[in-house]
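Next comes start_32.txt, with compact mmCIF, C-alpha atoms.
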# COMPACT_ATOMS: atom_id res chain seq x y z
CA MET A 47 -2.86 -5.47 3.76
CA SER A 48 -4.78 -5.65 0.50
CA ALA A 49 -7.29 -2.93 -0.35
CA GLY A 50 -10.07 -3.08 -2.92
CA GLU A 51 -13.39 -4.65 -3.78
CA CYS A 52 -14.47 -8.18 -2.91
CA MET A 53 -17.59 -9.21 -4.85
CA ILE A 54 -20.21 -11.93 -4.72
CA GLU A 55 -19.52 -14.35 -7.57
CA MET A 56 -22.30 -16.41 -9.15
CA SER A 57 -20.80 -18.94 -11.56
CA SER A 58 -22.94 -21.06 -13.85
CA LEU A 59 -23.09 -24.81 -13.24
CA GLY A 60 -25.24 -25.26 -16.34
CA GLY A 61 -28.89 -24.54 -16.93
CA SER A 62 -30.37 -22.44 -14.14
CA GLU A 63 -27.93 -23.59 -11.42
CA PHE A 64 -25.21 -21.30 -10.08
CA HIS A 65 -22.49 -21.59 -7.46
CA LEU A 66 -22.11 -18.73 -4.98
CA GLY A 67 -18.59 -17.64 -4.13
CA PHE A 68 -16.53 -14.54 -3.44
CA ALA A 69 -13.68 -13.04 -5.47
CA GLY A 70 -12.07 -9.82 -6.69
CA ASP A 71 -8.60 -8.97 -7.94
CA THR A 72 -7.15 -7.65 -4.68
CA LEU A 73 -8.89 -10.34 -2.63
CA ASN A 74 -7.44 -13.00 -4.92
CA THR A 75 -3.94 -11.68 -4.27
CA ALA A 76 -4.57 -11.60 -0.52
CA TRP A 77 -5.81 -15.20 -0.75
CA TYR A 78 -2.61 -16.49 -2.35
CA ALA A 79 -0.37 -14.38 -0.13
CA ARG A 80 -2.14 -15.94 2.86
CA ALA A 81 -1.68 -19.42 1.37
CA CYS A 82 2.05 -18.86 0.81
CA LEU A 83 3.07 -16.94 3.94
CA PRO A 84 3.69 -18.65 7.30
CA ALA A 85 0.74 -17.77 9.54
CA GLN A 86 3.02 -17.50 12.57
CA ASN A 87 5.07 -14.77 10.90
CA TRP A 88 2.59 -12.77 8.82
CA ASP A 89 -0.95 -11.48 9.15
CA VAL A 90 -2.91 -10.84 5.95
CA SER A 91 -5.82 -8.40 6.18
CA TYR A 92 -8.33 -7.01 3.73
CA PHE A 93 -9.56 -3.42 3.59
CA THR A 94 -12.90 -2.75 1.94
CA ARG A 95 -16.45 -1.68 2.64
CA ILE A 96 -19.45 -4.03 2.60
CA GLY A 97 -23.16 -3.93 3.35
CA THR A 98 -25.13 -5.20 6.32
CA ASP A 99 -27.06 -7.72 4.21
CA SER A 100 -26.75 -11.48 4.68
CA PHE A 101 -24.48 -11.94 1.66
CA SER A 102 -22.04 -9.33 2.96
CA ALA A 103 -22.04 -11.20 6.28
CA LYS A 104 -21.28 -14.46 4.47
CA MET A 105 -18.42 -12.72 2.65
CA LYS A 106 -16.89 -11.50 5.89
CA ASP A 107 -17.24 -14.93 7.47
CA PHE A 108 -15.60 -16.50 4.40
CA LEU A 109 -12.57 -14.25 4.79
CA ASN A 110 -12.26 -14.91 8.52
CA ARG A 111 -12.55 -18.68 8.08
CA ASN A 112 -9.68 -18.58 5.61
CA GLY A 113 -7.30 -16.57 7.76
CA ILE A 114 -7.79 -13.17 6.13
CA GLU A 115 -8.37 -10.57 8.81
CA THR A 116 -11.43 -8.34 8.51
CA GLY A 117 -10.89 -5.84 11.31
CA TYR A 118 -10.63 -2.92 8.88
CA ILE A 119 -13.78 -3.74 6.94
CA GLU A 120 -16.54 -1.18 7.52
CA GLU A 121 -20.22 -1.95 7.07
CA ASP A 122 -22.61 0.37 5.22
CA ALA A 123 -26.33 -0.02 5.93
CA GLN A 124 -27.25 1.87 2.73
CA ARG A 125 -25.31 -0.31 0.26
CA GLN A 126 -24.51 -3.94 -0.50
CA ALA A 127 -21.61 -5.97 -1.78
CA GLY A 128 -21.13 -5.91 -5.54
CA LEU A 129 -22.18 -8.91 -7.61
CA TYR A 130 -21.06 -10.50 -10.84
CA LEU A 131 -22.34 -13.49 -12.78
CA ILE A 132 -20.26 -15.85 -14.91
CA GLU A 133 -21.81 -17.78 -17.78
CA VAL A 134 -20.00 -20.15 -20.11
CA GLU A 135 -20.90 -20.36 -23.79
CA ASN A 136 -18.93 -22.57 -26.19
CA GLY A 137 -16.11 -22.71 -23.67
CA GLU A 138 -15.89 -18.93 -23.32
CA ARG A 139 -16.64 -17.18 -20.02
CA HIS A 140 -18.93 -14.12 -20.07
CA PHE A 141 -19.20 -11.71 -17.14
CA THR A 142 -22.12 -9.51 -16.11
CA TYR A 143 -21.56 -7.02 -13.25
CA TRP A 144 -23.83 -5.26 -10.76
CA ARG A 145 -21.54 -2.94 -8.83
CA ASN A 146 -22.94 0.61 -9.10
CA GLN A 147 -24.34 0.39 -5.55
CA SER A 148 -21.39 -1.55 -4.19
CA ALA A 149 -20.38 -0.38 -0.73
CA ALA A 150 -16.74 -0.71 -1.81
CA ARG A 151 -17.17 2.34 -4.02
CA LEU A 152 -17.08 4.33 -0.76
CA LEU A 153 -14.10 2.56 0.79
CA ALA A 154 -12.14 5.83 1.05
CA VAL A 155 -14.94 7.84 2.69
CA ASN A 156 -13.88 7.08 6.27
CA GLN A 157 -10.46 8.69 6.21
CA THR A 158 -9.81 7.96 9.90
CA LEU A 159 -10.21 4.22 9.29
CA LEU A 160 -8.23 4.42 6.05
CA ALA A 161 -5.34 6.16 7.79
CA LYS A 162 -5.34 3.66 10.67
CA ALA A 163 -5.45 0.68 8.32
CA PHE A 164 -2.46 1.97 6.36
CA SER A 165 -0.62 2.96 9.53
CA ASP A 166 -1.00 -0.53 10.98
CA ALA A 167 0.20 -2.28 7.81
CA ASP A 168 3.76 -3.01 6.75
CA ILE A 169 2.81 -3.75 3.13
CA ILE A 170 -0.12 -2.09 1.32
CA TYR A 171 -1.31 -3.71 -1.88
CA PHE A 172 -3.90 -2.20 -4.24
CA SER A 173 -4.79 -2.14 -7.91
CA ALA A 174 -6.07 0.24 -10.55
CA ILE A 175 -9.47 -1.42 -10.11
CA THR A 176 -9.40 -0.22 -6.49
CA LEU A 177 -9.06 3.30 -7.88
CA ALA A 178 -11.43 2.88 -10.82
CA ILE A 179 -14.48 2.15 -8.66
CA LEU A 180 -13.98 5.37 -6.64
CA CYS A 181 -15.23 8.81 -7.59
CA PRO A 182 -12.44 11.26 -8.60
CA GLU A 183 -12.41 13.00 -5.20
CA GLN A 184 -12.06 9.72 -3.33
CA ARG A 185 -9.34 8.53 -5.68
CA ALA A 186 -7.35 11.61 -4.71
CA VAL A 187 -7.98 10.87 -1.02
CA PHE A 188 -6.87 7.27 -1.40
CA ILE A 189 -3.68 8.20 -3.26
CA SER A 190 -2.93 10.92 -0.71
CA HIS A 191 -3.10 8.38 2.13
CA LEU A 192 -0.89 6.03 0.16
CA ARG A 193 1.63 8.85 -0.20
CA ASP A 194 1.55 9.44 3.55
CA ALA A 195 2.04 5.72 4.17
CA ALA A 196 5.00 5.57 1.82
CA CYS A 197 6.56 8.58 3.53
CA ALA A 198 6.10 6.78 6.85
CA GLY A 199 8.14 3.85 5.58
CA LYS A 200 5.39 1.51 4.42
CA THR A 201 5.91 -0.53 1.26
CA VAL A 202 3.21 0.29 -1.31
CA VAL A 203 2.61 -2.29 -4.04
CA PHE A 204 0.52 -1.46 -7.11
CA ASP A 205 -0.89 -3.73 -9.81
CA THR A 206 -1.91 -1.47 -12.67
CA ASN A 207 -4.65 -3.97 -13.74
CA ILE A 208 -6.05 -1.89 -16.61
CA ARG A 209 -9.80 -2.25 -17.19
CA PRO A 210 -10.78 0.62 -19.52
CA ARG A 211 -14.54 0.08 -19.20
CA LEU A 212 -14.40 1.04 -15.51
CA TRP A 213 -12.99 4.51 -16.23
CA GLU A 214 -14.55 7.76 -17.44
CA SER A 215 -11.95 8.09 -20.20
CA HIS A 216 -8.61 6.72 -21.30
CA ASP A 217 -6.94 10.02 -20.40
CA ILE A 218 -8.22 9.85 -16.81
CA LEU A 219 -7.15 6.20 -16.61
CA ARG A 220 -3.60 7.01 -17.73
CA GLU A 221 -3.30 10.07 -15.52
CA THR A 222 -4.56 8.29 -12.41
CA ILE A 223 -2.37 5.25 -12.91
CA MET A 224 0.73 7.40 -13.17
CA GLN A 225 -0.30 9.36 -10.06
CA ALA A 226 -0.65 6.09 -8.15
CA ALA A 227 2.62 4.81 -9.56
CA ALA A 228 4.40 7.88 -8.19
CA VAL A 229 3.58 6.82 -4.59
CA SER A 230 4.33 3.10 -5.06
CA GLN A 231 7.60 1.28 -4.42
CA ILE A 232 6.75 -1.94 -6.30
CA ILE A 233 4.69 -1.93 -9.52
CA LEU A 234 3.29 -5.01 -11.25
CA PRO A 235 2.06 -4.13 -14.77
CA SER A 236 0.89 -6.54 -17.49
CA PHE A 237 2.60 -5.78 -20.78
CA ASP A 238 -0.26 -6.35 -23.23
CA ASP A 239 -2.55 -3.96 -21.34
CA GLU A 240 0.22 -1.39 -20.91
CA ALA A 241 1.15 -1.52 -24.59
CA ALA A 242 -2.46 -0.97 -25.60
CA MET A 243 -3.04 1.95 -23.22
CA PHE A 244 0.38 3.65 -23.02
CA GLY A 245 1.94 2.62 -26.32
CA ASP A 246 4.91 0.79 -24.78
CA ARG A 247 6.86 -0.97 -27.53
CA SER A 248 8.73 -3.40 -25.30
CA LEU A 249 8.91 -4.81 -21.78
CA GLU A 250 11.84 -2.48 -21.22
CA ASP A 251 9.81 0.58 -22.25
CA CYS A 252 7.11 -0.35 -19.78
CA ALA A 253 9.56 -0.89 -16.93
CA ALA A 254 11.44 2.32 -17.72
CA ARG A 255 8.25 4.40 -17.60
CA TYR A 256 7.41 3.17 -14.12
CA ARG A 257 11.00 3.44 -12.90
CA THR A 258 10.97 7.05 -14.08
CA ALA A 259 7.76 7.56 -12.10
CA GLY A 260 9.67 6.57 -8.96
CA ALA A 261 9.21 2.82 -8.51
CA GLN A 262 12.03 1.01 -6.73
CA ALA A 263 11.14 -2.26 -8.46
CA VAL A 264 9.00 -3.16 -11.47
CA VAL A 265 7.94 -6.64 -12.59
CA VAL A 266 6.45 -6.64 -16.07
CA LYS A 267 4.14 -9.66 -16.48
CA ASN A 268 3.69 -10.99 -19.97
CA GLY A 269 0.84 -13.46 -20.25
CA GLY A 270 2.94 -16.50 -19.38
CA GLY A 271 5.82 -15.45 -21.64
CA ILE A 272 9.20 -13.85 -20.93
CA MET A 273 8.96 -11.41 -18.02
CA LEU A 274 11.19 -8.54 -17.00
CA VAL A 275 12.34 -7.18 -13.64
CA ALA A 276 13.84 -3.73 -13.14
CA ASP A 277 15.40 -2.15 -10.07
CA ASP A 278 18.55 -0.23 -9.13
CA ASN A 279 20.60 -3.15 -10.49
CA GLY A 280 19.17 -2.68 -13.98
CA MET A 281 16.76 -4.68 -16.13
CA ARG A 282 16.79 -8.46 -16.42
CA GLN A 283 14.58 -10.75 -18.44
CA ILE A 284 13.18 -13.88 -16.83
CA THR A 285 13.28 -16.39 -19.67
CA ASP A 286 13.05 -19.83 -18.06
CA ILE A 287 9.26 -19.78 -17.73
CA GLU A 288 7.54 -23.07 -18.49
CA PRO A 289 4.80 -22.57 -21.14
CA LEU A 290 1.35 -23.88 -20.23
CA MET A 291 -1.98 -24.52 -21.90
CA PRO A 292 -4.28 -23.08 -19.22
CA VAL A 293 -7.69 -24.42 -18.31
CA ASP A 294 -8.89 -21.07 -16.95
CA THR A 295 -6.83 -17.87 -16.73
CA THR A 296 -9.13 -16.24 -14.17
CA GLY A 297 -6.95 -14.93 -11.33
CA ALA A 298 -3.67 -15.74 -13.08
CA GLY A 299 -2.08 -12.34 -12.50
CA ASP A 300 -3.58 -12.00 -9.02
CA SER A 301 -2.22 -15.37 -7.91
CA PHE A 302 1.18 -14.51 -9.40
CA ASN A 303 1.18 -11.34 -7.31
CA GLY A 304 0.35 -13.25 -4.12
CA GLY A 305 3.08 -15.83 -4.64
CA PHE A 306 5.58 -13.17 -5.72
CA LEU A 307 4.93 -10.95 -2.69
CA ALA A 308 5.05 -13.90 -0.30
CA ALA A 309 8.46 -14.90 -1.65
CA LEU A 310 9.74 -11.33 -1.56
CA LEU A 311 8.59 -10.91 2.05
CA SER A 312 10.32 -14.18 2.90
CA GLY A 313 13.64 -12.69 1.82
CA LYS A 314 13.91 -13.91 -1.77
CA ASN A 315 15.41 -11.70 -4.48
CA LEU A 316 13.33 -10.32 -7.34
CA GLU A 317 14.15 -13.07 -9.82
CA THR A 318 13.44 -15.88 -7.35
CA ALA A 319 10.23 -14.18 -6.23
CA VAL A 320 9.07 -13.92 -9.86
CA LYS A 321 9.62 -17.66 -10.32
CA ALA A 322 7.72 -18.34 -7.10
CA GLY A 323 4.84 -16.23 -8.34
CA HIS A 324 4.83 -18.08 -11.64
CA ALA A 325 4.81 -21.44 -9.81
CA VAL A 326 1.66 -20.40 -7.95
CA ALA A 327 -0.08 -19.02 -11.05
CA ALA A 328 0.83 -22.17 -13.01
CA GLN A 329 -1.24 -24.20 -10.57
CA VAL A 330 -4.14 -21.78 -10.47
CA VAL A 331 -4.66 -21.62 -14.25
CA MET A 332 -4.99 -25.40 -14.41
CA GLN A 333 -8.25 -25.35 -12.44
CA ARG A 334 -11.53 -23.49 -12.70
CA GLY A 335 -12.12 -20.23 -10.88
CA ALA A 336 -9.98 -17.55 -9.27
CA LEU A 337 -9.57 -19.08 -5.81
CA MET A 338 -7.83 -22.42 -5.67
CA PRO A 339 -8.32 -24.08 -2.25
CA MET A 340 -5.33 -23.09 -0.13
CA GLU A 341 -4.71 -26.65 1.03
CA GLN A 342 -4.38 -27.86 -2.57
CA LEU A 343 -1.62 -25.41 -3.44
CA THR A 344 1.85 -26.96 -3.65
CA LEU A 345 4.49 -24.59 -2.33

Would you write the structure of this file as structure tokens?
Amino acid sequence: MSAGECMIEMSSLGGSEFHLGFAGDTLNTAWYARACLPAQNWDVSYFTRIGTDSFSAKMKDFLNRNGIETGYIEEDAQRQAGLYLIEVENGERHFTYWRNQSAARLLAVNQTLLAKAFSDADIIYFSAITLAILCPEQRAVFISHLRDAACAGKTVVFDTNIRPRLWESHDILRETIMQAAAVSQIILPSFDDEAAMFGDRSLEDCAARYRTAGAQAVVVKNGGGIMLVADDNGMRQITDIEPLMPVDTTGAGDSFNGGFLAALLSGKNLETAVKAGHAVAAQVVMQRGALMPMEQLTL
């Protein structure tokens, strides 16, 4: 199960024309996990909150048509799905967001549904963006339910996905991320963001901080460069990563996470799972947009 915010995406086709789609960091990871996992062995579901408007209905239908289960998605008649617009200027992508009234900001309000969703899942995946869009009280609720799930034997996976502009302050960002890390078994940080926010001087420093917080396994992503894995067997660098000149890095880390988790759930070790995640991301960054059609992905 992946938990977070799926948004309406309007991407510029040039002039006044836009393409309507759906995306969001945790949805992107669910998408690639679904693409990589055998449907007969694994269900992939998405936990969020949406509106009752026609675009929210289209979003839900989109997920269902692509094999992502929506049974834990609650509808809110007072709010809508969040929206963002992508414009391209001189080859650079610019994002404008409308998410203050997003129904997903209340995804932790229904604690009964939240508890059931986590109880029914074997793997729970979320990100720091999932936490950032919640009010402080609901962040605490969400983390508390994650803690209960971990104590019940669920595997909690956390991408720290640092987006400072979503948070009230850097101090709150750092504090909340470390609170969430303390209830997570697998943590997937990106080194450049971690270095900027926590002052980590190396991949090893980053991994050590999250291992100290309680993580069983840490995979430090590094923008297509050397990565590092850390678990009870120590720290190992993953150096044989093919360098690429990407067309569009949107969804790169999310797609890596989906491919990595799919490989790990299929019984691969950490190093092999990292290479599987990189193989997925390497395909995604060579096309436009976050969601590469599942049928076009080479596994």

With all atoms listed in the file as the basis for distance, which of A:Gly304, A:Gly199, A:Gly97, A:Gly335 is at the shortest distance from Gly323 in chain A? A:Gly304

For range 309-311 of chain A, please output as JSON, numbers by chain all residues within 12 Å (counting only C-alpha atoms; exclusion window: fewer than 2 positions along the same chain). {"A": [78, 79, 80, 81, 82, 83, 84, 87, 88, 89, 168, 169, 201, 203, 232, 263, 302, 303, 304, 305, 306, 307, 313, 314, 315, 316, 317, 318, 319, 320, 321, 322, 323, 324, 325, 326, 345]}

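Atom to atom, CA of Met56 in chain A and CA of Leu129 in chain A stand 7.7 Å apart.
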
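Excluding range 180-196 of chain A and any residue on its chain fewer than 4 positions from it, the residues at most 6 Å away by only C-alpha atoms are A:Arg151, A:Ala154, A:Lys200, A:Val229.
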
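Taking all atoms listed in the file into account, Gly67 in chain A lies nearest to A:Glu55 out of the set A:Glu115, A:Asp294, A:Asp107, A:Glu55.
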
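Picture a line from CA of Asp166 in chain A to CA of Tyr118 in chain A; it runs 10.1 Å.
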
Could you produce a table of the residues of range 253-301 of chain A lying within 12 Å of range 209-223 of chain A, with the nearest pair of atoms per residue and their separation in Å rounded to one decimal, using all atoms listed in the file, ordered by chain and increasing residue number, as JSON lines?
{"residue": "A:Arg255", "atom": "CA", "partner": "A:Ile223", "partner_atom": "CA", "distance": 11.6}
{"residue": "A:Tyr256", "atom": "CA", "partner": "A:Ile223", "partner_atom": "CA", "distance": 10.1}
{"residue": "A:Ala259", "atom": "CA", "partner": "A:Ile223", "partner_atom": "CA", "distance": 10.4}

Export, as a tab-separated table (two decimals), in the frame of the given file, the selected residues with C-alpha atoms.
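The resulting file, selection32.tsv, is reproduced below:
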chain	number	residue	atom	x	y	z
A	255	ARG	CA	8.25	4.40	-17.60
A	256	TYR	CA	7.41	3.17	-14.12
A	259	ALA	CA	7.76	7.56	-12.10
